[in-house]
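J.: I have a structure here, written as structure tokens, and I will follow up with some questions on it.
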Amino acid sequence: MQTWQIGEVRITRIIETEDTAMTAQIMLPEARPDRLLAIDWLRPHFIDARGNLISSIFSLLVESQGKRLVIDTCLGNDKPRAVPDWNERQGRFLEEIAAAGFPRESVDFVVCTHLHPDHVGWNTLLVDGAWVPTFPNARYLFSQADWDWLDQAPVTPLGDYCGDSVRPVMDAGLAQLITPDYSVTGEVRLVSTPGHSPGHLSVEINSAGSRAVITGDLMHHPCQIARPQWSSPFDFDPSKALATRQQFVTDHSDVPVLVIGTHFATPAAGYIVTHGDEQRLQVDVEPES
Ligand SMILES: [Zn+2]
């Protein structure tokens, strides 16, 4: 189980998928194998030898100032989904978070960076034919702007994931709609990175002089650090998403902030450094501040 220590904050990664499934190529159609192979630092972690994107769906368990947070809740089990790899999954997420010291009853906050089906799945689980909140003692923090968008048109081309993974949390009274910037603890802050979704959030961690940021889907793959202009067809507002991504790369280049990419394959994190006239993700060494 992969962990990071950011000052006094501990982060544990719980992986639901990591593969070269076609969904990654659909996510970034401009990221063709020949173009990816020309970006040499992407190997071996982020593309395979044939230039296929490797990507991951995972949750991050964050311990901060006595509170337990789950950042993004993956795909979930038993969910009916149009994407075959996402349909009716049967994974061991609950056993794995318990083994990591996060039994579901102990979680204080659930944060969804945005309300898309690969980030809300474990918000609920199926009990006697009904979808119930997985984390009964948590406050679920959703972006107000994302909820307003999803509530208006809850049945998307990807199915009615609102009905099984978001609305049951609202109906149970466990959701809190937030507007960034929003401090979850003194060390963990939700900030606005709009474009991929209307109210998309990233998570900034600042503890005892150490810093990290959890991207959410402002980018889907490390190749977008070198090529921020490569966009996902799932961006709600493509020009805003592009501006957010370019600003993010600029702001996080050559600074000692660990960037944890929400869909980045193992090792899933690194530092953005300038190399020649473009940026790359350096996965081993922290740059000089
Ligand atoms: Zn996603």
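The way I read the labels, and the way they are meant: chains A, B, ... in the order of the structure tokens, residue 1 as the first residue of every chain, and ligand 1 as the first ligand shown, with later ones counted on from there.
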Using only C-alpha atoms and all ligand atoms, determine which residues fall within 7 Å of ligand 1, then list them as a ChimeraX atom specification.
T.: /A:116,118-119,217,263
J.: Env of Pro103 (chain A): 12 Å cut, atoms = only C-alpha atoms, seq-sep filter 5 positions within chain, self excluded. Answer as a list in words.
T.: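 What passes the distance filter is Leu61, Arg68, Leu69, Val70, Phe93, Leu94, Glu95, Glu96, Ile97, Ala98, Asp108, Thr134, Phe135, Pro136, Asn137 and Ala138 of chain A.
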J.: Given the choices A:Val127, A:Asp72, A:Phe102, A:Pro168, which gets closest to Leu141 (chain A) if the distance is worked out from only C-alpha atoms?
T.: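 Selected residue with least distance to Leu141 (chain A): A:Asp72.
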J.: Work out how far CA of Met1 (chain A) is from CA of Glu63 (chain A), in Å to one decimal.
T.: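 We find that CA of Glu63 (chain A) and CA of Met1 (chain A) lie 15.2 Å from each other.
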J.: Please, which residues of region 33-181 of chain A, numbered as in this document, come out alpha helix (DSSP H) from DSSP, as a ChimeraX atom specification?
T.: /A:33-37,93-99,117-120,144-152,161-165,167-171
J.: Between CA of Ile57 (chain A) and CA of Glu278 (chain A), what is the distance, to one decimal in Å?
T.: 26.8 Å
J.: Would you list the contacts of Leu201 (chain A) as JSON, numbers by chain, taking every protein, DNA or RNA residue within 7 Å and counting only C-alpha atoms, but skipping same-chain residues closer than 6 positions in sequence?
T.: {"A": [113, 114, 190, 191, 192, 193, 216]}
J.: Could those selected residues go to a file with C-alpha atoms, as a compact mmCIF listing (two decimals), in the first residue's frame?
T.:
# COMPACT_ATOMS: atom_id res chain seq x y z
CA THR A 113 -13.13 16.50 -6.38
CA HIS A 114 -16.02 16.45 -8.84
CA LEU A 190 -10.28 22.58 -1.24
CA VAL A 191 -9.52 25.04 -4.02
CA SER A 192 -11.27 25.88 -7.26
CA THR A 193 -9.86 24.36 -10.50
CA GLY A 216 -8.53 15.80 -9.39
J.: Just checking: using only C-alpha atoms, which residue out of A:Arg50, A:Arg167, A:His252, A:Arg227 ends up closest to Ile214 (chain A)?
T.: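 Between A:Arg50, A:Arg167, A:His252, A:Arg227, the residue approaching Ile214 (chain A) most closely is A:His252.
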J.: Using only C-alpha atoms, which residues of region 198-253 of chain A come within 10 Å of region 24-46 of chain A, and what is the closest atom pair for each, with the distance in Å to one decimal? Give it as CSV, sorted by chain and residue number.
T.:
residue,atom,partner,partner_atom,distance
A:Met219,CA,A:Leu28,CA,9.8
A:His220,CA,A:Met27,CA,7.6
A:His221,CA,A:Phe46,CA,7.8
A:Pro222,CA,A:Phe46,CA,7.2
A:Cys223,CA,A:Leu42,CA,7.1
A:Gln224,CA,A:Ala31,CA,8.9
A:Ala226,CA,A:Ile39,CA,8.1
A:Arg227,CA,A:Ala31,CA,9.1
A:Gln229,CA,A:Glu30,CA,9.2
A:Trp230,CA,A:Glu30,CA,6.0
A:Ser231,CA,A:Leu28,CA,6.1
A:Ser232,CA,A:Leu28,CA,5.0
A:Pro233,CA,A:Met27,CA,6.6
A:Phe234,CA,A:Met27,CA,7.2
A:Asp235,CA,A:Met27,CA,9.6
J.: Considering only C-alpha atoms, can you say which of A:Leu60, A:Gly101, A:Asn123, A:Arg245 comes closest to Trp4 (chain A)?
T.: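 Using only C-alpha atoms, the shortest distance to Trp4 (chain A) belongs to A:Leu60.
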J.: Counting only C-alpha atoms, what is within 8 Å of Val120 (chain A), bar same-chain residues fewer than 5 positions away, as JSON, numbers by chain?
T.: {"A": [72, 73, 74, 75, 76, 112, 115, 165, 166]}
J.: For Gly121 (chain A), which residue among A:Ile71, A:Ile178, A:Ala153, A:Ala212 is the nearest when counting only C-alpha atoms?
T.: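 Checking each of A:Ile71, A:Ile178, A:Ala153, A:Ala212 against Gly121 (chain A), counting only C-alpha atoms, the winner is A:Ile71.
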J.: Looking only at the backbone, which of the residues in region 74-158 of chain A does DSSP tag as strand (DSSP E), as a list in words?
T.: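 Filtering region 74-158 of chain A to strand (DSSP E) leaves Phe109, Val110, Val111, Thr124, Leu125, Leu126, Val127, Ala130, Trp131, Val132, Pro133, Arg139, Tyr140, Leu141, Phe142 and Ser143 of chain A.
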J.: Emit the selected residues as a short mmCIF file (atom, residue, chain, number, x, y, z; two decimals), in the first residue's frame, including C-alpha atoms.
T.:
data_model
loop_
_atom_site.label_atom_id
_atom_site.label_comp_id
_atom_site.auth_asym_id
_atom_site.auth_seq_id
_atom_site.Cartn_x
_atom_site.Cartn_y
_atom_site.Cartn_z
CA PHE A 109 -15.14 13.51 5.67
CA VAL A 110 -15.61 12.30 2.12
CA VAL A 111 -14.40 14.72 -0.54
CA THR A 124 -22.82 4.37 -1.57
CA LEU A 125 -23.14 0.62 -1.40
CA LEU A 126 -25.96 -1.76 -2.14
CA VAL A 127 -27.81 -3.07 0.94
CA ALA A 130 -31.12 0.00 -1.85
CA TRP A 131 -28.18 2.40 -2.24
CA VAL A 132 -27.08 3.63 1.18
CA PRO A 133 -24.17 5.90 2.17
CA ARG A 139 -19.88 14.59 6.08
CA TYR A 140 -19.66 14.35 2.31
CA LEU A 141 -18.27 17.55 0.81
CA PHE A 142 -19.57 18.24 -2.70
CA SER A 143 -18.99 21.33 -4.78
#
